Amino acid sequence: MRKVAVVGAGLTKFMRRAQETGKELSFEAARAALDNAGMQLKDIDCVVMGTAPDAFDGVHMKGEYLSDGSGAWGRPYLRGYVGGGTGVFAPIQGWYHIASGMFDTCLVVCEEKMSGCKPHPQGAFLTIFDHTTERPLYPNLLWIFALEMNRYMTTHGITKREIAHVAVKNKKNAMDHPSAQLPMEITVEDVMNSEVMAWPVNRLDVSPTSDGAAAVILASEEKAKKITDKPIWIQGVGWNLDTSYWTNRDLYYPEYVERAARMAYKMAGVKEPRKEIHIAEPYDPFDYKELHHMEGLLLCGKGEAARLAVDGVTARDGDLPVCPSGGLLGVGNPIAAAGLMKISELFWQLRGEAGKRQVPGQPKRGVAQAWGDLMQVGTVVVMGVD
Amino acid sequence: MGVLEKITSNQELRSWPGEIPLENLYTMGLAGERFFRGIKDEAKLLGTRCKTCDVTYLPPRIYCQGCFEKLVNWVDLPPQGKLETFTILNQDRAGRPYKTPRILGLVRIDRSEGALIHYIQGLEPQKIRIGMKLKAQFRSSSERKGSIQDIVGFVPA
């Protein structure tokens with residue numbers, strides 16, 4: 001397989017309600033990525049679109065609907081969707097378009113417009129549960145996150161207070177992100193005192209619903225070196241799906257994330273992730289999920305992640321910066337676009353172009369991860385400077 | 001099992017009725033906002049123009065799908081064009097017959113690459129010809145709401 005690099009990235013602002021249509025958001029992110037790479041649309045061989053449920057935009061087959069805003073007119077085009085895992089899966093799909101030798105450049109766009117979905121975008125998920133054993137009880141996503149968070153806390157003896165440090169850190173990191181929707185300086189007390197939605201989940205433990213888009217441009221080795229003198233290489237990719245028989249596994253640990261991570265690390269030649277990964281962007285739709293996913297990514301032992309958050313190890317200037325972007329909790333959570341925002345963050349961080357968000361010490365390698373479907377998919381990308 | 005026993009009514013099986021309960025509020029977007037304001041406030045059609053590709057978009061877009069430049073050049077277009085194709089509708093979506101057949105046409109708007117689909121009015125079905133000139137008939141200003149339905153239909157120019 002051929003080497004593949006990221007050569008450009010672009011984001012819209014992430015916001016509560018965008019006036020722009022999904023097509024217009026897609027265009028703005030794609031145009032920004034082209035400008036970032038110094039490229040034109042004619043330089044693009046194929047396009048990958050990642051976008052979550054059709055219900056958000058209210059358009060069935062919204063991949064097709066979004067295509068002309070994503071630069072896909074007259075080009076080979078693919079829409080991928082693995083729930084919340086989409087934003088890190090889309091660049092994997094872009095990667096195999098190029099690694100296979102079929103294309104030299106690929107524009108990867110992720111879009112989500114959640115604000116139009118009524119009465120709440122959450123409704124798109126009401127029907128993901130088993131229609132006879134679960135749906136008659138009217139569960140929503142928040143409930144199952146609460147079940148998982150409680151299981152995780154209880155198994156390891158972790159407190160809500162410890163977990164709240166993640167929300168505090170990410171919302172603060174987001175203050176330096178120009179696309180951020182919920183940048184704020186809050187305290188652990190603020191998280192603890194925010195409204196309880198479904199215990200143990202409080203309002204400030206949760207990321208917002210958002211509108212926004214993100215885009216990256218991928219290129220083959222030969223092309224990448226012509227486009228930029230600072231290509232960032234996709235060193236490893238991994239993805240894995242657990243069973244939708246979700247009640248028959250132990251929620252305290254995301255096995256599927258570990259399997260995806262092992263696949264990506266093997267490809268990247270990473271043997272000791274704790275030492276060889278310098279910066280991590282795990283998926284953080286809830287504060288405990290960042291910890292859950294750090295463990296699945298083998299960045300620490302099971303049950304150890306909360307301690308790292310409390311001790312500041314995962315701060316932007318800590319030994320293992322985690323979500324220096326501000327993550328979904330701070331930058332926002334336009335589902336697919338949020339995952340690709342993490343890939344963009346690694347791109348800028350590894351190039352030393354993250355501005356006020358730059359982590360010190362010239363990081364050489366990072367990992368981004370997203371998660372989704374019915375608490376079952378893990379998507380992982382390892383990126384590095386060589 | 002189902003095949004052998006020929007289940008003729010799934011009501012006899014244990015089942016649970018459900019729906020996907022969603023509604024949407026669609027923003028018109030940056031280009032759509034201006035387009036429908038033009039229709040509502042001035043009964044006119046607006047397009048955007050890409051000089052590089054020599055294309056005028058109607059309905060307007062804020063980008064050119066060919067070269068991906070941001071489009072800022074807005075142009076007034078005549079609310080008229082040529083009939084490119086049509087169909088005669090005899091049944092509604094539920095299969096009920098219309099008292100009077102309705103005619104749905106695709107009208108290519110003059111001085112643009114774009115077209116609108118709309119109902120064609122004021123013509124007997126047998127009088128319709130592909131290529132004929134048609135013009136948009138707008139509702140009165142007090143009735144217009146900023147929607148494609150502010151155009152009643154297309155009539156002979």
# chains A, B, ... in the order shown; residues from 1 in each chain; ligands from 1
$ interface_residues --of "chain A" --to "chain B" --cutoff "9 Å" --atoms "only C-alpha atoms" --output "PyMOL selection string"
chain A and resi 18-24+27-28+31+40-42+55-58+68-74+115-121+123-124+126-127+131-132+135-136
$ write_last_selection --atoms "N, CA, C and O atoms" --output "short mmCIF file (atom, residue, chain, number, x, y, z; two decimals), in the first residue's frame"
data_model
loop_
_atom_site.label_atom_id
_atom_site.label_comp_id
_atom_site.auth_asym_id
_atom_site.auth_seq_id
_atom_site.Cartn_x
_atom_site.Cartn_y
_atom_site.Cartn_z
N ALA A 18 -27.05 27.30 12.49
CA ALA A 18 -26.47 27.94 11.31
C ALA A 18 -27.58 28.33 10.35
O ALA A 18 -28.54 27.58 10.17
N GLN A 19 -27.42 29.50 9.77
CA GLN A 19 -28.35 29.86 8.69
C GLN A 19 -28.00 29.08 7.42
O GLN A 19 -28.87 28.71 6.64
N GLU A 20 -26.72 28.81 7.23
CA GLU A 20 -26.26 28.09 6.04
C GLU A 20 -26.94 26.73 5.92
O GLU A 20 -27.19 26.06 6.91
N THR A 21 -27.15 26.31 4.68
CA THR A 21 -27.61 24.94 4.44
C THR A 21 -26.42 24.00 4.64
O THR A 21 -25.26 24.43 4.70
N GLY A 22 -26.72 22.70 4.70
CA GLY A 22 -25.64 21.72 4.81
C GLY A 22 -24.66 21.80 3.66
O GLY A 22 -23.45 21.65 3.83
N LYS A 23 -25.18 22.06 2.46
CA LYS A 23 -24.32 22.22 1.29
C LYS A 23 -23.37 23.41 1.48
O LYS A 23 -22.20 23.35 1.13
N GLU A 24 -23.95 24.51 2.00
CA GLU A 24 -23.13 25.72 2.16
C GLU A 24 -22.06 25.53 3.23
O GLU A 24 -20.92 25.98 3.08
N PHE A 27 -19.36 23.43 1.68
CA PHE A 27 -18.53 24.25 0.78
C PHE A 27 -17.51 25.07 1.57
O PHE A 27 -16.33 25.13 1.21
N GLU A 28 -17.97 25.70 2.64
CA GLU A 28 -17.06 26.59 3.38
C GLU A 28 -15.88 25.82 3.96
O GLU A 28 -14.74 26.29 3.92
N ARG A 31 -13.67 24.58 0.91
CA ARG A 31 -12.92 25.70 0.32
C ARG A 31 -11.76 26.10 1.23
O ARG A 31 -10.65 26.37 0.77
N GLN A 40 -6.63 23.88 -5.88
CA GLN A 40 -7.92 24.19 -6.49
C GLN A 40 -8.72 22.90 -6.63
O GLN A 40 -8.15 21.81 -6.57
N LEU A 41 -10.02 23.06 -6.85
CA LEU A 41 -10.86 21.86 -6.96
C LEU A 41 -10.41 20.95 -8.10
O LEU A 41 -10.51 19.73 -8.02
N LYS A 42 -9.86 21.54 -9.18
CA LYS A 42 -9.43 20.71 -10.31
C LYS A 42 -8.29 19.77 -9.91
O LYS A 42 -8.01 18.79 -10.61
N ALA A 55 -31.66 11.95 9.08
CA ALA A 55 -32.69 12.65 9.83
C ALA A 55 -32.23 14.03 10.29
O ALA A 55 -33.05 14.94 10.42
N PHE A 56 -30.93 14.21 10.53
CA PHE A 56 -30.47 15.53 11.00
C PHE A 56 -30.81 16.61 9.97
O PHE A 56 -31.37 17.64 10.29
N ASP A 57 -30.38 16.39 8.73
CA ASP A 57 -30.66 17.38 7.69
C ASP A 57 -32.09 17.25 7.17
O ASP A 57 -32.56 18.11 6.43
N GLY A 58 -32.75 16.15 7.53
CA GLY A 58 -34.12 15.95 7.04
C GLY A 58 -34.15 15.64 5.55
O GLY A 58 -35.13 15.94 4.87
N ASP A 68 -22.64 18.33 -4.27
CA ASP A 68 -22.08 19.46 -5.04
C ASP A 68 -21.44 20.50 -4.14
O ASP A 68 -20.50 21.18 -4.54
N GLY A 69 -21.91 20.59 -2.89
CA GLY A 69 -21.26 21.50 -1.94
C GLY A 69 -19.94 20.94 -1.42
O GLY A 69 -19.18 21.66 -0.77
N SER A 70 -19.69 19.68 -1.69
CA SER A 70 -18.46 19.03 -1.21
C SER A 70 -17.43 18.89 -2.32
O SER A 70 -16.43 18.21 -2.15
N GLY A 71 -17.70 19.49 -3.46
CA GLY A 71 -16.75 19.42 -4.56
C GLY A 71 -16.81 18.12 -5.33
O GLY A 71 -15.86 17.75 -6.03
N ALA A 72 -17.91 17.39 -5.22
CA ALA A 72 -17.96 16.05 -5.79
C ALA A 72 -18.54 16.00 -7.21
O ALA A 72 -18.58 14.94 -7.81
N TRP A 73 -18.98 17.15 -7.72
CA TRP A 73 -19.63 17.15 -9.04
C TRP A 73 -18.70 16.54 -10.09
O TRP A 73 -17.57 17.01 -10.26
N GLY A 74 -19.17 15.48 -10.75
CA GLY A 74 -18.41 14.87 -11.82
C GLY A 74 -17.21 14.07 -11.36
O GLY A 74 -16.29 13.82 -12.14
N SER A 115 -29.41 21.41 13.90
CA SER A 115 -30.37 22.34 14.51
C SER A 115 -31.75 22.26 13.89
O SER A 115 -32.74 22.62 14.53
N GLY A 116 -31.84 21.79 12.64
CA GLY A 116 -33.15 21.76 12.00
C GLY A 116 -34.02 20.61 12.45
O GLY A 116 -35.23 20.60 12.22
N CYS A 117 -33.41 19.63 13.12
CA CYS A 117 -34.11 18.41 13.48
C CYS A 117 -34.96 18.64 14.73
O CYS A 117 -34.45 19.01 15.78
N LYS A 118 -36.27 18.46 14.60
CA LYS A 118 -37.22 18.78 15.68
C LYS A 118 -37.93 17.52 16.17
O LYS A 118 -38.17 16.61 15.38
N PRO A 119 -38.33 17.45 17.43
CA PRO A 119 -38.14 18.50 18.42
C PRO A 119 -36.70 18.58 18.93
O PRO A 119 -36.30 19.61 19.44
N HIS A 120 -35.90 17.54 18.75
CA HIS A 120 -34.51 17.57 19.17
C HIS A 120 -33.77 16.54 18.33
O HIS A 120 -34.32 15.46 18.07
N PRO A 121 -32.53 16.83 17.92
CA PRO A 121 -31.79 15.87 17.09
C PRO A 121 -31.63 14.50 17.78
O PRO A 121 -31.46 13.48 17.11
N GLY A 123 -33.83 12.83 18.75
CA GLY A 123 -34.91 11.99 18.22
C GLY A 123 -34.45 11.03 17.13
O GLY A 123 -35.04 9.97 16.93
N ALA A 124 -33.37 11.43 16.43
CA ALA A 124 -32.85 10.56 15.38
C ALA A 124 -32.37 9.23 15.95
O ALA A 124 -32.23 8.25 15.22
N LEU A 126 -33.81 7.68 18.69
CA LEU A 126 -34.81 6.96 19.48
C LEU A 126 -35.10 5.58 18.90
O LEU A 126 -35.54 4.68 19.61
N THR A 127 -34.85 5.43 17.61
CA THR A 127 -35.20 4.16 16.97
C THR A 127 -33.98 3.27 16.73
O THR A 127 -34.06 2.31 15.97
N HIS A 131 -36.51 -2.89 18.94
CA HIS A 131 -37.86 -2.34 18.83
C HIS A 131 -38.86 -3.02 19.77
O HIS A 131 -39.93 -2.47 19.99
N THR A 132 -38.52 -4.20 20.30
CA THR A 132 -39.49 -4.83 21.19
C THR A 132 -39.03 -4.86 22.65
O THR A 132 -39.84 -4.67 23.55
N ARG A 135 -37.33 -0.27 22.96
CA ARG A 135 -38.07 0.93 22.55
C ARG A 135 -39.37 1.16 23.32
O ARG A 135 -39.72 2.32 23.56
N PRO A 136 -40.08 0.10 23.73
CA PRO A 136 -41.31 0.37 24.50
C PRO A 136 -41.04 1.11 25.82
O PRO A 136 -41.96 1.67 26.42
#
$ residues_around --residues "Glu113 of chain B" --least-positions-apart "5" --cutoff "8 Å" --atoms "only C-alpha atoms" --output "VMD selection string"
chain B and resid 55 to 58 108
$ write_last_selection --atoms "C-alpha atoms" --output "JSON list (two decimals), in the first residue's frame"
[["chain", "number", "residue", "atom", "x", "y", "z"],
["B", 55, "VAL", "CA", -22.44, 29.76, -15.70],
["B", 56, "THR", "CA", -25.43, 31.45, -14.08],
["B", 57, "TYR", "CA", -26.94, 29.43, -11.25],
["B", 58, "LEU", "CA", -30.67, 29.37, -10.67],
["B", 108, "ARG", "CA", -35.32, 26.49, -18.32]]
$ closest_residue --among "B:Arg37, B:Arg102, B:Arg49, B:Lys6" --to "Ser147 of chain B" --atoms "only C-alpha atoms"
B:Arg37
$ residues_around --residues "segment 73-75 of chain B" --least-positions-apart "4" --cutoff "9 Å" --atoms "only C-alpha atoms" --output "list in words"
Leu45, Leu46, Gly47, Thr48, Arg49, Cys50, Lys51, Thr56 and Pro60 of chain B
$ select_by_dssp --residues "segment 19-243 of chain A" --states "alpha helix (DSSP H)" --output "VMD selection string"
chain A and resid 22 to 37 54 to 57 62 to 66 86 to 99 141 to 156 160 to 173 188 to 193 221 to 227
$ residues_around --residues "segment 252-259 of chain A" --least-positions-apart "2" --cutoff "10 Å" --atoms "only C-alpha atoms" --output "number ranges by chain"
A: 147-156, 238-243, 249-250, 261-265, 289, 292-298, 302-303, 369-371, 375-380
$ select_by_dssp --residues "segment 229-326 of chain A" --states "strand (DSSP E)" --output "VMD selection string"
chain A and resid 232 to 241 279 to 281
$ atom_distance --atom1 "atom CA of Val359 of chain A" --atom2 "atom CA of Met39 of chain A"
27.6 Å
$ residues_around --residues "segment 206-212 of chain A" --least-positions-apart "2" --cutoff "9 Å" --atoms "only C-alpha atoms" --output "number ranges by chain"
A: 11-18, 22, 25-26, 29, 110-115, 121-122, 167, 181-182, 201-204, 214, 284-287, 327-335, 337-338
$ residues_around --residues "Gly122 of chain B" --least-positions-apart "3" --cutoff "12 Å" --atoms "only C-alpha atoms" --output "list in words"
Arg102, Ile103, Tyr119, Pro125, Gln126, Lys127, Ile128, Leu134, Lys135, Ala136, Gln137, Val152, Gly153, Phe154, Val155, Pro156 and Ala157 of chain B
$ residues_around --residues "Thr100 of chain B" --least-positions-apart "2" --cutoff "10 Å" --atoms "only C-alpha atoms" --output "PyMOL selection string"
chain B and resi 89-91+97-98+102-103
$ closest_residue --among "B:Gly95, B:Pro59, B:Leu71, B:Asp76" --to "Phe36 of chain B" --atoms "only C-alpha atoms"
B:Pro59
$ atom_distance --atom1 "atom CA of Asp311 of chain A" --atom2 "atom CA of Lys275 of chain A"
18.0 Å
$ atom_distance --atom1 "atom CA of Asp35 of chain A" --atom2 "atom CA of Ile227 of chain A"
11.8 Å
